[in-house]
$ cat start_15.json   # JSON, C-alpha atoms
[["chain", "number", "residue", "atom", "x", "y", "z"],
["A", 1, "MET", "CA", -17.99, 119.72, 64.20],
["A", 2, "PHE", "CA", -20.66, 121.08, 66.55],
["A", 3, "ILE", "CA", -20.96, 124.05, 68.90],
["A", 4, "ASP", "CA", -22.93, 123.93, 72.14],
["A", 5, "THR", "CA", -24.09, 127.53, 72.32],
["A", 6, "HIS", "CA", -25.52, 127.33, 75.85],
["A", 7, "THR", "CA", -24.22, 125.18, 78.70],
["A", 8, "HIS", "CA", -23.69, 125.73, 82.42],
["A", 9, "LEU", "CA", -20.67, 123.45, 82.80],
["A", 10, "TYR", "CA", -19.45, 125.39, 85.81],
["A", 11, "LEU", "CA", -22.40, 124.38, 88.02],
["A", 12, "GLN", "CA", -21.99, 121.94, 90.91],
["A", 13, "GLU", "CA", -23.72, 119.14, 88.97],
["A", 14, "PHE", "CA", -20.40, 118.72, 87.13],
["A", 15, "ASP", "CA", -18.07, 118.96, 90.12],
["A", 16, "VAL", "CA", -17.33, 115.22, 90.15],
["A", 17, "ASP", "CA", -16.39, 114.85, 86.47],
["A", 18, "ARG", "CA", -16.15, 118.28, 84.80],
["A", 19, "GLU", "CA", -12.92, 117.62, 82.90],
["A", 20, "ASP", "CA", -14.16, 114.22, 81.75],
["A", 21, "THR", "CA", -17.39, 115.86, 80.59],
["A", 22, "ILE", "CA", -15.42, 118.29, 78.45],
["A", 23, "ARG", "CA", -13.32, 115.47, 77.03],
["A", 24, "ARG", "CA", -16.48, 113.54, 76.11],
["A", 25, "SER", "CA", -17.81, 116.65, 74.43],
["A", 26, "ILE", "CA", -14.67, 117.06, 72.35],
["A", 27, "ALA", "CA", -14.71, 113.35, 71.45],
["A", 28, "SER", "CA", -18.31, 113.74, 70.25],
["A", 29, "GLY", "CA", -17.27, 116.51, 67.87],
["A", 30, "THR", "CA", -18.63, 119.30, 70.05],
["A", 31, "LEU", "CA", -15.46, 121.33, 70.27],
["A", 32, "SER", "CA", -16.79, 124.67, 71.51],
["A", 33, "MET", "CA", -19.00, 125.34, 74.52],
["A", 34, "LEU", "CA", -20.47, 128.77, 75.28],
["A", 35, "LEU", "CA", -21.11, 129.50, 78.96],
["A", 36, "PRO", "CA", -23.80, 132.01, 79.99],
["A", 37, "ASN", "CA", -23.48, 133.70, 83.36],
["A", 38, "ILE", "CA", -26.23, 133.56, 86.00],
["A", 39, "ASP", "CA", -25.36, 136.13, 88.68],
["A", 40, "SER", "CA", -22.55, 137.25, 91.00],
["A", 41, "SER", "CA", -22.18, 133.72, 92.40],
["A", 42, "SER", "CA", -21.26, 132.22, 89.03],
["A", 43, "TRP", "CA", -18.68, 134.66, 87.67],
["A", 44, "GLU", "CA", -15.61, 133.00, 89.13],
["A", 45, "PRO", "CA", -16.54, 129.34, 88.50],
["A", 46, "MET", "CA", -17.44, 130.23, 84.92],
["A", 47, "LEU", "CA", -14.34, 132.31, 84.23],
["A", 48, "ASP", "CA", -12.03, 129.80, 85.92],
["A", 49, "LEU", "CA", -13.33, 127.07, 83.62],
["A", 50, "CYS", "CA", -12.83, 129.26, 80.55],
["A", 51, "ARG", "CA", -9.27, 130.02, 81.64],
["A", 52, "GLN", "CA", -8.63, 126.30, 82.09],
["A", 53, "PHE", "CA", -10.02, 125.44, 78.63],
["A", 54, "PRO", "CA", -9.47, 128.63, 76.58],
["A", 55, "ASN", "CA", -9.84, 126.84, 73.24],
["A", 56, "ASN", "CA", -13.12, 125.16, 74.14],
["A", 57, "CYS", "CA", -15.04, 127.24, 76.71],
["A", 58, "TYR", "CA", -16.17, 130.81, 76.10],
["A", 59, "PRO", "CA", -17.88, 133.06, 78.69],
["A", 60, "MET", "CA", -20.89, 135.34, 78.49],
["A", 61, "ALA", "CA", -21.65, 138.27, 80.81],
["A", 62, "GLY", "CA", -25.13, 138.80, 82.17],
["A", 63, "LEU", "CA", -27.73, 138.59, 84.91],
["A", 64, "HIS", "CA", -30.26, 135.76, 84.64],
["A", 65, "PRO", "CA", -33.87, 136.93, 85.10],
["A", 66, "THR", "CA", -34.58, 134.51, 87.95],
["A", 67, "SER", "CA", -31.70, 136.12, 89.87],
["A", 68, "VAL", "CA", -33.31, 139.56, 89.61],
["A", 69, "THR", "CA", -34.66, 140.91, 92.89],
["A", 70, "LYS", "CA", -35.70, 144.41, 93.88],
["A", 71, "GLU", "CA", -32.92, 144.62, 96.45],
["A", 72, "THR", "CA", -29.95, 143.34, 94.46],
["A", 73, "PHE", "CA", -30.45, 143.78, 90.72],
["A", 74, "GLU", "CA", -28.88, 147.25, 90.50],
["A", 75, "LYS", "CA", -25.69, 146.03, 92.15],
["A", 76, "GLU", "CA", -25.68, 142.91, 89.97],
["A", 77, "LEU", "CA", -25.99, 145.02, 86.81],
["A", 78, "GLU", "CA", -23.15, 147.25, 87.93],
["A", 79, "GLU", "CA", -20.97, 144.17, 88.19],
["A", 80, "VAL", "CA", -22.01, 143.01, 84.71],
["A", 81, "GLU", "CA", -20.89, 146.33, 83.22],
["A", 82, "LEU", "CA", -17.68, 146.36, 85.24],
["A", 83, "ARG", "CA", -16.80, 142.85, 84.08],
["A", 84, "LEU", "CA", -17.48, 143.83, 80.47],
["A", 85, "GLU", "CA", -15.04, 146.70, 80.79],
["A", 86, "GLU", "CA", -12.33, 144.51, 82.30],
["A", 87, "GLU", "CA", -12.55, 141.17, 80.46],
["A", 88, "ALA", "CA", -13.41, 139.69, 77.06],
["A", 89, "PHE", "CA", -16.79, 138.01, 76.63],
["A", 90, "ILE", "CA", -18.44, 136.33, 73.68],
["A", 91, "ALA", "CA", -21.99, 137.59, 74.38],
["A", 92, "ILE", "CA", -24.37, 139.16, 76.87],
["A", 93, "GLY", "CA", -26.30, 136.37, 78.52],
["A", 94, "GLU", "CA", -28.26, 134.98, 79.70],
["A", 95, "ILE", "CA", -30.78, 137.79, 79.95],
["A", 96, "GLY", "CA", -34.54, 138.13, 79.55],
["A", 97, "ILE", "CA", -37.76, 137.56, 81.45],
["A", 98, "ASP", "CA", -38.96, 134.46, 83.30],
["A", 99, "LEU", "CA", -42.52, 134.29, 84.61],
["A", 100, "TYR", "CA", -42.69, 130.52, 85.10],
["A", 101, "TRP", "CA", -41.93, 130.46, 88.81],
["A", 102, "ASP", "CA", -42.80, 133.94, 89.98],
["A", 103, "GLN", "CA", -44.08, 137.28, 88.64],
["A", 104, "THR", "CA", -43.14, 139.31, 91.72],
["A", 105, "PHE", "CA", -40.18, 141.06, 90.11],
["A", 106, "LEU", "CA", -41.50, 141.49, 86.56],
["A", 107, "GLU", "CA", -40.88, 145.24, 86.63],
["A", 108, "GLN", "CA", -37.28, 144.75, 87.75],
["A", 109, "GLN", "CA", -36.78, 141.96, 85.19],
["A", 110, "GLU", "CA", -37.92, 144.32, 82.43],
["A", 111, "VAL", "CA", -35.52, 147.03, 83.59],
["A", 112, "ALA", "CA", -32.62, 144.57, 83.88],
["A", 113, "PHE", "CA", -33.38, 143.13, 80.44],
["A", 114, "LEU", "CA", -33.48, 146.56, 78.79],
["A", 115, "ARG", "CA", -30.29, 147.72, 80.46],
["A", 116, "GLN", "CA", -28.45, 144.60, 79.31],
["A", 117, "LEU", "CA", -29.75, 144.93, 75.76],
["A", 118, "ARG", "CA", -28.23, 148.38, 75.74],
["A", 119, "LEU", "CA", -24.99, 147.02, 77.15],
["A", 120, "ALA", "CA", -24.94, 144.61, 74.22],
["A", 121, "LYS", "CA", -25.15, 147.56, 71.86],
["A", 122, "LYS", "CA", -22.52, 149.50, 73.78],
["A", 123, "PHE", "CA", -20.04, 146.63, 73.73],
["A", 124, "ASP", "CA", -21.09, 145.33, 70.29],
["A", 125, "LEU", "CA", -21.96, 141.85, 71.53],
["A", 126, "PRO", "CA", -24.80, 139.44, 70.66],
["A", 127, "VAL", "CA", -27.39, 138.51, 73.29],
["A", 128, "ALA", "CA", -28.60, 135.15, 74.59],
["A", 129, "ILE", "CA", -32.24, 135.70, 75.54],
["A", 130, "HIS", "CA", -34.06, 133.66, 78.19],
["A", 131, "MET", "CA", -37.81, 133.58, 77.62],
["A", 132, "ARG", "CA", -40.07, 131.40, 79.77],
["A", 133, "ASN", "CA", -43.83, 131.98, 79.84],
["A", 134, "SER", "CA", -43.01, 135.51, 78.76],
["A", 135, "PHE", "CA", -42.95, 136.02, 74.99],
["A", 136, "ASN", "CA", -45.17, 139.10, 75.03],
["A", 137, "GLU", "CA", -43.26, 140.67, 77.91],
["A", 138, "VAL", "CA", -39.90, 139.95, 76.26],
["A", 139, "TRP", "CA", -41.05, 141.30, 72.93],
["A", 140, "LYS", "CA", -42.42, 144.50, 74.50],
["A", 141, "VAL", "CA", -38.94, 145.31, 75.80],
["A", 142, "LEU", "CA", -36.99, 143.92, 72.85],
["A", 143, "GLU", "CA", -38.88, 145.22, 69.82],
["A", 144, "PRO", "CA", -37.99, 148.93, 70.25],
["A", 145, "GLU", "CA", -34.31, 147.93, 70.56],
["A", 146, "THR", "CA", -34.17, 145.75, 67.44],
["A", 147, "GLY", "CA", -32.23, 146.80, 64.38],
["A", 148, "PRO", "CA", -28.74, 146.54, 62.87],
["A", 149, "GLY", "CA", -27.02, 147.17, 66.22],
["A", 150, "LEU", "CA", -28.54, 144.18, 68.01],
["A", 151, "LYS", "CA", -28.44, 140.48, 67.22],
["A", 152, "GLY", "CA", -28.66, 137.28, 69.18],
["A", 153, "VAL", "CA", -30.46, 134.05, 69.95],
["A", 154, "PHE", "CA", -33.65, 133.09, 71.76],
["A", 155, "HIS", "CA", -32.07, 130.39, 73.88],
["A", 156, "CYS", "CA", -34.01, 127.15, 74.37],
["A", 157, "PHE", "CA", -36.80, 128.46, 72.15],
["A", 158, "SER", "CA", -40.18, 127.05, 73.12],
["A", 159, "GLY", "CA", -42.63, 129.32, 71.33],
["A", 160, "ASN", "CA", -45.03, 128.68, 68.48],
["A", 161, "LEU", "CA", -44.46, 129.19, 64.75],
["A", 162, "GLU", "CA", -45.85, 132.72, 64.72],
["A", 163, "GLN", "CA", -43.52, 133.72, 67.55],
["A", 164, "ALA", "CA", -40.60, 132.01, 65.83],
["A", 165, "GLN", "CA", -41.25, 133.98, 62.66],
["A", 166, "THR", "CA", -41.43, 137.23, 64.63],
["A", 167, "VAL", "CA", -38.05, 136.47, 66.19],
["A", 168, "ILE", "CA", -36.48, 135.49, 62.87],
["A", 169, "ASP", "CA", -37.86, 138.54, 61.07],
["A", 170, "ALA", "CA", -36.15, 140.69, 63.71],
["A", 171, "GLY", "CA", -32.82, 139.06, 62.85],
["A", 172, "PHE", "CA", -32.55, 136.61, 65.74],
["A", 173, "LEU", "CA", -31.77, 132.90, 65.73],
["A", 174, "LEU", "CA", -33.56, 130.11, 67.58],
["A", 175, "GLY", "CA", -31.57, 128.04, 70.09],
["A", 176, "ILE", "CA", -32.69, 124.42, 69.78],
["A", 177, "GLY", "CA", -31.92, 121.85, 72.47],
["A", 178, "GLY", "CA", -33.06, 118.54, 73.90],
["A", 179, "VAL", "CA", -36.76, 119.43, 73.89],
["A", 180, "ILE", "CA", -36.77, 118.81, 70.12],
["A", 181, "THR", "CA", -36.36, 115.08, 70.88],
["A", 182, "PHE", "CA", -39.39, 114.89, 73.19],
["A", 183, "LYS", "CA", -42.27, 112.92, 71.71],
["A", 184, "ASN", "CA", -45.02, 115.53, 72.00],
["A", 185, "SER", "CA", -42.87, 118.60, 71.42],
["A", 186, "GLY", "CA", -44.48, 121.21, 69.18],
["A", 187, "LEU", "CA", -40.96, 122.42, 68.52],
["A", 188, "GLN", "CA", -40.49, 119.79, 65.82],
["A", 189, "GLU", "CA", -43.08, 121.43, 63.56],
["A", 190, "VAL", "CA", -41.59, 124.86, 64.23],
["A", 191, "VAL", "CA", -38.10, 123.78, 63.21],
["A", 192, "LYS", "CA", -39.39, 121.98, 60.14],
["A", 193, "ALA", "CA", -41.23, 125.14, 59.07],
["A", 194, "VAL", "CA", -38.50, 127.73, 59.68],
["A", 195, "GLY", "CA", -35.57, 125.69, 58.36],
["A", 196, "ILE", "CA", -32.08, 125.08, 59.66],
["A", 197, "GLU", "CA", -30.78, 128.42, 58.37],
["A", 198, "HIS", "CA", -32.32, 130.08, 61.42],
["A", 199, "ILE", "CA", -31.21, 127.78, 64.24],
["A", 200, "ILE", "CA", -28.21, 127.01, 66.42],
["A", 201, "LEU", "CA", -27.69, 124.06, 68.77],
["A", 202, "GLU", "CA", -27.51, 124.04, 72.56],
["A", 203, "THR", "CA", -27.91, 121.75, 75.54],
["A", 204, "ASP", "CA", -28.69, 124.09, 78.47],
["A", 205, "ALA", "CA", -26.75, 121.49, 80.47],
["A", 206, "PRO", "CA", -27.21, 120.20, 83.10],
["A", 207, "TYR", "CA", -30.91, 120.64, 82.24],
["A", 208, "LEU", "CA", -33.22, 119.28, 79.50],
["A", 209, "ALA", "CA", -31.27, 116.23, 78.38],
["A", 210, "PRO", "CA", -32.42, 114.77, 75.05],
["A", 211, "VAL", "CA", -33.96, 111.34, 74.60],
["A", 212, "PRO", "CA", -32.76, 108.70, 75.56],
["A", 213, "TYR", "CA", -31.26, 110.57, 78.53],
["A", 214, "ARG", "CA", -34.34, 112.63, 79.37],
["A", 215, "GLY", "CA", -34.56, 113.25, 83.11],
["A", 216, "GLN", "CA", -30.83, 112.69, 83.62],
["A", 217, "ARG", "CA", -28.01, 115.22, 83.73],
["A", 218, "ASN", "CA", -27.44, 116.82, 80.34],
["A", 219, "GLU", "CA", -24.00, 117.47, 78.85],
["A", 220, "SER", "CA", -22.45, 118.88, 75.68],
["A", 221, "SER", "CA", -21.57, 115.46, 74.26],
["A", 222, "TYR", "CA", -25.31, 115.00, 73.60],
["A", 223, "ILE", "CA", -25.37, 117.75, 70.96],
["A", 224, "PRO", "CA", -25.13, 115.15, 68.14],
["A", 225, "LEU", "CA", -28.37, 113.56, 69.43],
["A", 226, "ILE", "CA", -30.13, 116.90, 69.05],
["A", 227, "ALA", "CA", -28.61, 117.38, 65.61],
["A", 228, "SER", "CA", -29.67, 113.88, 64.55],
["A", 229, "LYS", "CA", -33.28, 114.60, 65.50],
["A", 230, "ILE", "CA", -33.21, 117.83, 63.50],
["A", 231, "ALA", "CA", -31.78, 115.91, 60.55],
["A", 232, "GLU", "CA", -34.64, 113.42, 60.80],
["A", 233, "ILE", "CA", -37.29, 116.14, 61.08],
["A", 234, "THR", "CA", -35.99, 118.29, 58.23],
["A", 235, "GLY", "CA", -34.85, 115.53, 55.88],
["A", 236, "ASN", "CA", -31.27, 116.77, 55.80],
["A", 237, "PRO", "CA", -28.04, 114.79, 56.23],
["A", 238, "LEU", "CA", -26.49, 115.07, 59.69],
["A", 239, "GLN", "CA", -23.38, 116.60, 58.16],
["A", 240, "LYS", "CA", -25.44, 119.45, 56.73],
["A", 241, "ILE", "CA", -27.03, 120.12, 60.13],
["A", 242, "ALA", "CA", -23.54, 120.28, 61.63],
["A", 243, "GLU", "CA", -22.23, 122.60, 58.92],
["A", 244, "ILE", "CA", -25.16, 125.04, 58.88],
["A", 245, "THR", "CA", -25.68, 125.31, 62.64],
["A", 246, "THR", "CA", -21.95, 125.65, 63.28],
["A", 247, "SER", "CA", -21.70, 128.35, 60.63],
["A", 248, "ASN", "CA", -24.69, 130.16, 62.17],
["A", 249, "ALA", "CA", -23.08, 130.05, 65.61],
["A", 250, "ARG", "CA", -19.69, 131.18, 64.33],
["A", 251, "ASN", "CA", -21.23, 134.12, 62.53],
["A", 252, "LEU", "CA", -23.35, 135.18, 65.51],
["A", 253, "PHE", "CA", -20.66, 134.83, 68.17],
["A", 254, "ARG", "CA", -17.66, 135.64, 65.94],
["A", 255, "LEU", "CA", -15.92, 132.38, 66.77]]
$ encode --input "start_15.json" --output "structure tokens"
Amino acid sequence: MFIDTHTHLYLQEFDVDREDTIRRSIASGTLSMLLPNIDSSSWEPMLDLCRQFPNNCYPMAGLHPTSVTKETFEKELEEVELRLEEEAFIAIGEIGIDLYWDQTFLEQQEVAFLRQLRLAKKFDLPVAIHMRNSFNEVWKVLEPETGPGLKGVFHCFSGNLEQAQTVIDAGFLLGIGGVITFKNSGLQEVVKAVGIEHIILETDAPYLAPVPYRGQRNESSYIPLIASKIAEITGNPLQKIAEITTSNARNLFRL
């Protein structure tokens, strides 16, 4: 059994075959799919899907850093907190800092990230952290908040070994997805060095499909391809990858 700890199944890329996609996932052995929120536009599609498949799809509450703007982020954060008070969520996510496309709203991203870390503590939930071209900025906000009251995953981890060790030492897991299958990915050496005890699996569907589907739409049924690559890299049987990563995810998200 596998768990896809990060997938956006509610997005329009799946409108034509969403139910079939979930059935393929279940047939592949990926029985649970965790859905991170993006912003106010994604609450209802995400929650509707989780209501339709309550034994397979689990929602997170959060504001994605690329949806943070000076004009709207306060209102968006108010809605995150309101939703947390009214409904059950499995985590706070996805949250963090993204400087890949634009650095205009870095200050607001930092504020939004910190506020949501504190919401995670308030509601006793793990966090799914988005970090893109921003390790130092993320760590500046996160480090003072680390400790027994905060745990989570660095989703779609793409850092180096030193950064991975920093994250692990702070009690966080690494989310590993399709990038691990890419030929020139430095992630393979990172995973080999840190070991499977510190990772969980994800797709980030519809993005970042693993080889041989690279460049196509990703989906949760491809999780076994990611697991197989990790088995190859680490010299472990596929069954052990499934057992350890599933156990890690269950413990983190209380599944």
$ residues_around --input "start_15.json" --residues "range 151-163 of chain A" --least-positions-apart "2" --cutoff "8 Å" --atoms "all atoms listed in the file" --output "PyMOL selection string"
chain A and resi 6+125-132+135+146-149+165-167+171-177+186-187+189-190+193-194+202+204+252
$ closest_residue --input "start_15.json" --among "A:Ile3, A:Ile90, A:Ile97, A:Met33" --to "Met60 in chain A" --atoms "only C-alpha atoms"
A:Ile90
$ closest_residue --input "start_15.json" --among "A:Met1, A:Leu82, A:Ala112, A:Ala88" --to "Arg51 in chain A" --atoms "all atoms listed in the file"
A:Ala88
$ atom_distance --input "start_15.json" --atom1 "CA of Arg83 in chain A" --atom2 "CA of Ala61 in chain A"
7.4 Å
$ atom_distance --input "start_15.json" --atom1 "CA of Phe2 in chain A" --atom2 "CA of Glu243 in chain A"
7.9 Å
$ closest_residue --input "start_15.json" --among "A:Leu11, A:Val80, A:Ile244, A:Leu63" --to "Asp48 in chain A" --atoms "only C-alpha atoms"
A:Leu11
$ residues_around --input "start_15.json" --residues "Asp102 in chain A" --least-positions-apart "3" --cutoff "12 Å" --atoms "all atoms listed in the file" --output "VMD selection string"
chain A and resid 65 to 69 97 to 99 105 to 107 109 132 to 134
$ atom_distance --input "start_15.json" --atom1 "CA of Phe253 in chain A" --atom2 "CA of Lys122 in chain A"
15.8 Å
$ closest_residue --input "start_15.json" --among "A:Lys75, A:Lys183, A:Arg24, A:Arg250" --to "Ile200 in chain A" --atoms "only C-alpha atoms"
A:Arg250
$ build_atoms --input "start_15.json" --residues "range 204-230 of chain A" --atoms "N, CA and C atoms" --output "PDB file, in the frame of the given file"
ATOM      1  N   ASP A 204     -28.241 123.521  77.187  1.00  0.00           N
ATOM      2  CA  ASP A 204     -28.690 124.090  78.470  1.00  0.00           C
ATOM      3  C   ASP A 204     -28.317 123.146  79.606  1.00  0.00           C
ATOM      4  N   ALA A 205     -27.226 122.400  79.425  1.00  0.00           N
ATOM      5  CA  ALA A 205     -26.750 121.490  80.470  1.00  0.00           C
ATOM      6  C   ALA A 205     -26.518 122.254  81.772  1.00  0.00           C
ATOM      7  N   PRO A 206     -26.855 121.609  82.890  1.00  0.00           N
ATOM      8  CA  PRO A 206     -27.210 120.200  83.100  1.00  0.00           C
ATOM      9  C   PRO A 206     -28.692 119.879  82.912  1.00  0.00           C
ATOM     10  N   TYR A 207     -29.460 120.813  82.344  1.00  0.00           N
ATOM     11  CA  TYR A 207     -30.910 120.640  82.240  1.00  0.00           C
ATOM     12  C   TYR A 207     -31.310 120.118  80.855  1.00  0.00           C
ATOM     13  N   LEU A 208     -32.543 119.598  80.766  1.00  0.00           N
ATOM     14  CA  LEU A 208     -33.220 119.280  79.500  1.00  0.00           C
ATOM     15  C   LEU A 208     -32.439 118.323  78.600  1.00  0.00           C
ATOM     16  N   ALA A 209     -31.990 117.229  79.166  1.00  0.00           N
ATOM     17  CA  ALA A 209     -31.270 116.230  78.380  1.00  0.00           C
ATOM     18  C   ALA A 209     -32.174 115.630  77.306  1.00  0.00           C
ATOM     19  N   PRO A 210     -31.621 115.363  76.123  1.00  0.00           N
ATOM     20  CA  PRO A 210     -32.420 114.770  75.050  1.00  0.00           C
ATOM     21  C   PRO A 210     -32.706 113.303  75.298  1.00  0.00           C
ATOM     22  N   VAL A 211     -33.712 112.780  74.627  1.00  0.00           N
ATOM     23  CA  VAL A 211     -33.960 111.340  74.600  1.00  0.00           C
ATOM     24  C   VAL A 211     -32.725 110.671  73.989  1.00  0.00           C
ATOM     25  N   PRO A 212     -32.192 109.589  74.531  1.00  0.00           N
ATOM     26  CA  PRO A 212     -32.760 108.700  75.560  1.00  0.00           C
ATOM     27  C   PRO A 212     -32.314 109.019  76.989  1.00  0.00           C
ATOM     28  N   TYR A 213     -31.760 110.213  77.199  1.00  0.00           N
ATOM     29  CA  TYR A 213     -31.260 110.570  78.530  1.00  0.00           C
ATOM     30  C   TYR A 213     -32.192 111.526  79.264  1.00  0.00           C
ATOM     31  N   ARG A 214     -33.397 111.690  78.761  1.00  0.00           N
ATOM     32  CA  ARG A 214     -34.340 112.630  79.370  1.00  0.00           C
ATOM     33  C   ARG A 214     -34.503 112.340  80.864  1.00  0.00           C
ATOM     34  N   GLY A 215     -34.441 113.397  81.662  1.00  0.00           N
ATOM     35  CA  GLY A 215     -34.560 113.250  83.110  1.00  0.00           C
ATOM     36  C   GLY A 215     -33.229 113.075  83.814  1.00  0.00           C
ATOM     37  N   GLN A 216     -32.166 112.823  83.044  1.00  0.00           N
ATOM     38  CA  GLN A 216     -30.830 112.690  83.620  1.00  0.00           C
ATOM     39  C   GLN A 216     -30.058 113.996  83.421  1.00  0.00           C
ATOM     40  N   ARG A 217     -28.851 114.039  83.918  1.00  0.00           N
ATOM     41  CA  ARG A 217     -28.010 115.220  83.730  1.00  0.00           C
ATOM     42  C   ARG A 217     -27.640 115.361  82.258  1.00  0.00           C
ATOM     43  N   ASN A 218     -27.797 116.542  81.737  1.00  0.00           N
ATOM     44  CA  ASN A 218     -27.440 116.820  80.340  1.00  0.00           C
ATOM     45  C   ASN A 218     -25.964 117.191  80.252  1.00  0.00           C
ATOM     46  N   GLU A 219     -25.380 117.040  79.069  1.00  0.00           N
ATOM     47  CA  GLU A 219     -24.000 117.470  78.850  1.00  0.00           C
ATOM     48  C   GLU A 219     -23.780 117.718  77.359  1.00  0.00           C
ATOM     49  N   SER A 220     -22.697 118.417  77.047  1.00  0.00           N
ATOM     50  CA  SER A 220     -22.450 118.880  75.680  1.00  0.00           C
ATOM     51  C   SER A 220     -22.211 117.748  74.690  1.00  0.00           C
ATOM     52  N   SER A 221     -21.797 116.581  75.174  1.00  0.00           N
ATOM     53  CA  SER A 221     -21.570 115.460  74.260  1.00  0.00           C
ATOM     54  C   SER A 221     -22.875 114.945  73.651  1.00  0.00           C
ATOM     55  N   TYR A 222     -24.019 115.421  74.144  1.00  0.00           N
ATOM     56  CA  TYR A 222     -25.310 115.000  73.600  1.00  0.00           C
ATOM     57  C   TYR A 222     -25.776 115.883  72.436  1.00  0.00           C
ATOM     58  N   ILE A 223     -25.001 116.882  72.085  1.00  0.00           N
ATOM     59  CA  ILE A 223     -25.370 117.750  70.960  1.00  0.00           C
ATOM     60  C   ILE A 223     -25.632 116.939  69.677  1.00  0.00           C
ATOM     61  N   PRO A 224     -24.831 115.920  69.347  1.00  0.00           N
ATOM     62  CA  PRO A 224     -25.130 115.150  68.140  1.00  0.00           C
ATOM     63  C   PRO A 224     -26.498 114.472  68.160  1.00  0.00           C
ATOM     64  N   LEU A 225     -27.024 114.131  69.341  1.00  0.00           N
ATOM     65  CA  LEU A 225     -28.370 113.560  69.430  1.00  0.00           C
ATOM     66  C   LEU A 225     -29.422 114.579  69.019  1.00  0.00           C
ATOM     67  N   ILE A 226     -29.218 115.815  69.434  1.00  0.00           N
ATOM     68  CA  ILE A 226     -30.130 116.900  69.050  1.00  0.00           C
ATOM     69  C   ILE A 226     -30.036 117.141  67.552  1.00  0.00           C
ATOM     70  N   ALA A 227     -28.814 117.174  67.045  1.00  0.00           N
ATOM     71  CA  ALA A 227     -28.610 117.380  65.610  1.00  0.00           C
ATOM     72  C   ALA A 227     -29.226 116.254  64.785  1.00  0.00           C
ATOM     73  N   SER A 228     -29.109 115.030  65.269  1.00  0.00           N
ATOM     74  CA  SER A 228     -29.670 113.880  64.550  1.00  0.00           C
ATOM     75  C   SER A 228     -31.191 113.978  64.455  1.00  0.00           C
ATOM     76  N   LYS A 229     -31.826 114.433  65.526  1.00  0.00           N
ATOM     77  CA  LYS A 229     -33.280 114.600  65.500  1.00  0.00           C
ATOM     78  C   LYS A 229     -33.677 115.677  64.514  1.00  0.00           C
ATOM     79  N   ILE A 230     -32.926 116.754  64.462  1.00  0.00           N
ATOM     80  CA  ILE A 230     -33.210 117.830  63.500  1.00  0.00           C
ATOM     81  C   ILE A 230     -33.019 117.325  62.077  1.00  0.00           C
TER      82      ILE A 230
END
